[in-house]
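**Student:** Quick one, run.cif (mmCIF, C-alpha atoms):
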data_entry
loop_
_atom_site.label_atom_id
_atom_site.label_comp_id
_atom_site.auth_asym_id
_atom_site.auth_seq_id
_atom_site.Cartn_x
_atom_site.Cartn_y
_atom_site.Cartn_z
CA MET A 192 -68.10 -11.20 13.52
CA ASN A 193 -67.29 -9.80 10.08
CA LYS A 194 -65.50 -6.73 11.54
CA ILE A 195 -63.54 -8.93 13.94
CA PHE A 196 -62.43 -11.19 11.09
CA LYS A 197 -61.42 -8.27 8.87
CA THR A 198 -59.46 -6.71 11.74
CA PHE A 199 -57.74 -10.04 12.42
CA ALA A 200 -56.91 -10.48 8.71
CA VAL A 201 -55.41 -6.97 8.46
CA ILE A 202 -53.36 -7.39 11.67
CA LEU A 203 -52.10 -10.78 10.45
CA LEU A 204 -51.18 -9.27 7.07
CA ILE A 205 -49.24 -6.45 8.75
CA TYR A 206 -47.45 -9.05 10.91
CA MET A 207 -46.58 -11.11 7.83
CA LEU A 208 -45.34 -8.10 5.81
CA TRP A 209 -43.44 -6.44 8.68
CA PRO A 210 -39.73 -6.19 7.76
CA GLY A 211 -37.48 -8.50 9.75
CA SER A 212 -33.92 -9.72 9.85
CA LYS A 213 -32.25 -9.87 6.46
CA GLY A 214 -29.35 -12.09 7.45
CA ILE A 215 -27.06 -13.29 10.19
CA SER A 216 -25.02 -10.09 9.85
CA ASP A 217 -27.93 -8.23 11.54
CA PHE A 218 -26.90 -9.79 14.86
CA LYS A 219 -24.16 -8.42 17.09
CA PRO A 220 -21.19 -10.63 17.95
CA LEU A 221 -20.83 -11.69 21.56
CA PRO A 222 -18.83 -9.16 23.60
CA ASP A 223 -15.15 -10.11 24.08
CA SER A 224 -15.38 -12.95 21.58
CA ALA A 225 -13.51 -14.17 18.51
CA LYS A 226 -15.39 -14.97 15.31
CA SER A 227 -14.84 -18.57 14.31
CA THR A 228 -13.03 -19.22 11.05
CA LEU A 229 -13.60 -22.98 11.17
CA SER A 230 -15.15 -24.73 8.20
CA GLY A 231 -18.94 -24.36 8.24
CA ASP A 232 -18.88 -21.33 10.55
CA THR A 233 -18.28 -18.70 7.88
CA VAL A 234 -19.65 -18.65 4.33
CA GLN A 235 -20.02 -22.37 3.56
CA ILE A 236 -23.49 -22.51 5.10
CA PRO A 237 -25.77 -19.48 4.61
CA ASN A 238 -26.84 -17.51 7.68
CA VAL A 239 -24.47 -19.29 10.09
CA SER A 240 -22.06 -17.49 12.38
CA ALA A 241 -20.03 -18.77 15.33
CA TYR A 242 -18.10 -17.14 18.16
CA PHE A 243 -15.57 -18.36 20.71
CA SER A 244 -15.90 -16.64 24.07
CA TYR A 245 -15.97 -16.92 27.84
CA GLN A 246 -19.73 -16.19 27.86
CA PHE A 247 -21.99 -18.96 29.15
CA ARG A 248 -25.64 -19.80 28.51
CA ASN A 249 -26.95 -17.46 31.22
CA PHE A 250 -25.44 -14.53 29.26
CA VAL A 251 -25.72 -15.76 25.65
CA ILE A 252 -29.46 -16.56 25.60
CA PRO A 253 -30.72 -13.18 26.96
CA PHE A 254 -28.17 -11.35 24.76
CA TYR A 255 -29.43 -12.91 21.52
CA TYR A 256 -33.06 -12.93 22.66
CA LYS A 257 -32.94 -9.14 22.92
CA ASN A 258 -30.88 -8.91 19.73
CA PHE A 259 -33.41 -11.00 17.75
CA GLN A 260 -36.32 -8.88 18.98
CA GLU A 261 -34.50 -5.67 18.04
CA ALA A 262 -33.57 -7.00 14.58
CA SER A 263 -37.18 -8.07 13.97
CA HIS A 264 -38.61 -4.66 14.98
CA PHE A 265 -41.63 -6.16 16.77
CA PRO A 266 -43.03 -4.60 19.95
CA PHE A 267 -43.50 -8.08 21.45
CA PRO A 268 -40.86 -10.73 22.20
CA PRO A 269 -40.30 -13.91 20.20
CA LEU A 270 -41.27 -17.35 21.45
CA LYS A 271 -38.46 -19.32 23.04
CA LEU A 272 -38.11 -23.07 22.49
CA ASN A 273 -35.57 -25.38 24.10
CA HIS A 274 -34.51 -28.30 21.86
CA PRO A 275 -32.55 -31.46 22.65
CA PRO A 276 -28.84 -31.12 21.74
CA GLU A 277 -29.03 -33.91 19.13
CA TYR A 278 -31.32 -31.69 17.04
CA SER A 279 -28.37 -29.37 16.33
CA TRP A 280 -27.11 -31.72 13.61
CA THR A 281 -30.34 -31.06 11.74
CA VAL A 282 -30.77 -27.31 12.21
CA ILE A 283 -27.21 -25.96 12.58
CA LYS A 284 -24.80 -28.20 10.70
CA LYS A 285 -23.38 -31.68 10.82
CA PRO A 286 -21.36 -32.35 13.00
CA THR A 287 -21.88 -29.83 15.78
CA ASP A 288 -20.75 -30.18 19.40
CA THR A 289 -23.62 -29.09 21.61
CA THR A 290 -24.38 -28.44 25.25
CA TYR A 291 -27.65 -26.60 24.60
CA LEU A 292 -29.83 -25.60 21.65
CA GLU A 293 -32.49 -22.91 21.85
CA GLU A 294 -34.72 -21.40 19.19
CA PHE A 295 -36.27 -17.95 19.09
CA ILE A 296 -39.19 -17.81 16.72
CA TYR A 297 -41.80 -15.46 15.39
CA PRO A 298 -44.45 -17.93 14.16
CA LEU A 299 -45.02 -18.01 10.40
CA ARG A 300 -41.86 -15.91 9.96
CA ASP A 301 -38.25 -16.28 11.09
CA SER A 302 -36.29 -18.47 13.51
CA LEU A 303 -32.93 -17.98 15.17
CA TYR A 304 -31.20 -21.05 16.59
CA ILE A 305 -28.58 -20.62 19.30
CA ASN A 306 -26.26 -23.59 19.72
CA GLY A 307 -23.88 -23.49 22.65
CA PHE A 308 -20.96 -25.75 23.44
CA GLU A 309 -19.52 -25.28 26.93
CA ASN A 310 -16.55 -27.54 27.58
CA HIS A 311 -15.37 -25.62 30.66
CA HIS A 312 -17.03 -24.44 33.85
CA PRO A 313 -16.90 -20.69 34.59
CA ASP A 314 -14.00 -21.36 37.01
CA GLY A 315 -11.94 -22.79 34.11
CA SER A 316 -12.15 -26.47 35.03
CA LYS A 317 -13.14 -28.90 32.28
CA VAL A 318 -16.73 -30.14 32.21
CA PHE A 319 -15.67 -33.68 31.33
CA TYR A 320 -12.43 -35.54 30.77
CA GLY A 321 -11.30 -35.53 27.16
CA SER A 322 -13.39 -32.56 26.06
CA PRO A 323 -11.91 -30.88 22.97
CA GLU A 324 -10.06 -27.63 23.37
CA LEU A 325 -11.56 -24.57 21.71
CA ARG A 326 -8.71 -22.59 20.16
CA GLU A 327 -9.02 -19.57 17.91
CA ASP A 328 -6.59 -16.69 17.36
CA GLY A 329 -4.02 -18.56 19.48
CA LYS A 330 -6.28 -18.37 22.54
CA LEU A 331 -8.03 -21.06 24.57
CA TRP A 332 -11.77 -20.35 24.89
CA TYR A 333 -14.34 -21.88 27.27
CA THR A 334 -17.40 -21.76 25.01
CA LYS A 335 -18.45 -21.72 21.37
CA THR A 336 -21.77 -20.22 20.33
CA THR A 337 -23.16 -20.92 16.87
CA LEU A 338 -26.09 -18.98 15.40
CA ARG A 339 -28.23 -20.03 12.47
CA LEU A 340 -30.97 -17.81 11.10
CA TYR A 341 -33.82 -19.20 9.04
CA THR A 342 -35.64 -16.42 7.22
CA SER A 343 -38.90 -16.80 5.35
CA ASN A 344 -39.59 -15.53 1.87
CA ILE A 345 -42.13 -12.67 1.67
CA LEU A 346 -44.03 -14.40 -1.14
CA VAL A 347 -44.38 -17.56 0.94
CA ARG A 348 -45.64 -15.49 3.89
CA ILE A 349 -48.27 -13.83 1.68
CA LEU A 350 -49.31 -17.23 0.33
CA VAL A 351 -49.66 -18.54 3.90
CA TRP A 352 -51.73 -15.46 4.80
CA PHE A 353 -54.09 -16.13 1.87
CA GLY A 354 -54.32 -19.77 2.96
CA ILE A 355 -55.24 -18.82 6.53
CA VAL A 356 -57.78 -16.18 5.49
CA PHE A 357 -59.49 -18.31 2.83
CA SER A 358 -59.50 -21.38 5.10
CA PHE A 359 -61.21 -19.35 7.80
CA ILE A 360 -63.80 -18.05 5.31
CA TYR A 361 -64.44 -21.55 3.96
CA ILE A 362 -64.75 -23.11 7.43
CA SER A 363 -67.08 -20.30 8.54
CA LYS A 364 -69.37 -20.80 5.52
CA LEU A 365 -69.29 -24.57 5.99
CA GLY A 366 -70.17 -24.19 9.66
CA ARG A 367 -73.07 -21.85 8.87
CA SER A 368 -74.46 -24.23 6.23
CA ILE A 369 -74.28 -27.14 8.69
CA LEU A 370 -76.06 -25.10 11.37
CA LYS A 371 -78.85 -24.14 8.93
CA GLU A 372 -79.64 -27.79 8.20
#
Give the structure from the file, written as structure tokens.

**Tutor:**
Amino acid sequence: MNKIFKTFAVILLIYMLWPGSKGISDFKPLPDSAKSTLSGDTVQIPNVSAYFSYQFRNFVIPFYYKNFQEASHFPFPPLKLNHPPEYSWTVIKKPTDTTYLEEFIYPLRDSLYINGFENHHPDGSKVFYGSPELREDGKLWYTKTTLRLYTSNILVRILVWFGIVFSFIYISKLGRSILKE
């Protein structure tokens, strides 16, 4: 049991110390897209970037899923979580138009949120009457994709590692003392 625990602790420490994404600039822009210059999409909010494009969810999600894994340098893929669109006001920015919101996460480390707003169908017809037009660089776009990266501080990760390891040691000793009685 002791060897298993030590192995687990070392593997967890390597995972926690492994270099990851440093910022939103580590991620490629969508192909054939225009970078948004709207307020809140550039430097006003750290680690936020937005793109206008004709790329829909079925392209955007796999594109950034692969991109996030490559930027994190892990041999295994991140977890994928699907959030309700209303949550985008909390994790992206307020206000944010949203059709879908997905999160890629390496637990105890970093998260990348992908917020998509699709106001047109792929054939060019509007999704709903009165949907706002997406214009950038004098062009009408069908979708807007906003990325927000949440990175974790290395010192916090080390502190969490110590907490996990010492909690496991304490619970193991407590369990053994209860079993002896």

**Student:** Between A:Asp328, A:Ile355, A:Glu277, A:Leu338, which residue has the minimum interatomic distance to Phe199 in chain A, considering all atoms listed in the file?

**Tutor:**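 Closest to Phe199 in chain A of all the choices is A:Ile355.
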
**Student:** So which residues get picked by the PyMOL selection byres ((chain A and resi 204) around 12) here, written as an MDAnalysis selection string?

**Tutor:** chainID A and resid 197:203 205:210 299:300 345 348:356

**Student:** With all atoms listed in the file as the atoms that count, which of A:Lys257, A:His264, A:Lys364, A:Lys284 lies nearest to Asn238 in chain A?

**Tutor:**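 Going through A:Lys257, A:His264, A:Lys364, A:Lys284 one by one, the smallest distance to Asn238 in chain A is for A:Lys284.
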
**Student:** Using all atoms listed in the file, find the one residue out of A:Phe243, A:Phe196, A:Tyr255, A:Tyr333 that sits nearest to Gly315 in chain A.

**Tutor:**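 Distance minimum relative to Gly315 in chain A lands on A:Tyr333.
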
**Student:** Can you turn the PyMOL selection byres ((chain A and resi 296) around 12) into a concrete residue list for this file, as a PyMOL selection string?

**Tutor:** chain A and resi 211-212+255-256+259-260+263+265+267-273+293-295+297-305+339-343

**Student:** Applying 9 Å and all atoms listed in the file, which residues near Ser279 in chain A remain after dropping the ones on its own chain fewer than 6 positions away? List them as a PyMOL selection string.

**Tutor:** chain A and resi 285-289+291-292+304+306

**Student:** Can you pull out the residues contacting Lys226 in chain A? Cut-off 10 Å, using all atoms listed in the file, and skip same-chain residues under 3 positions away; I want them as a PyMOL selection string.

**Tutor:** chain A and resi 220-221+229+232-233+240-244+327-328+335-337

**Student:** Just to confirm, what's the straight-line distance from CA of Gly321 in chain A to CA of Thr228 in chain A in Å (one decimal)?

**Tutor:**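 CA of Thr228 in chain A lies 23.0 Å from CA of Gly321 in chain A.
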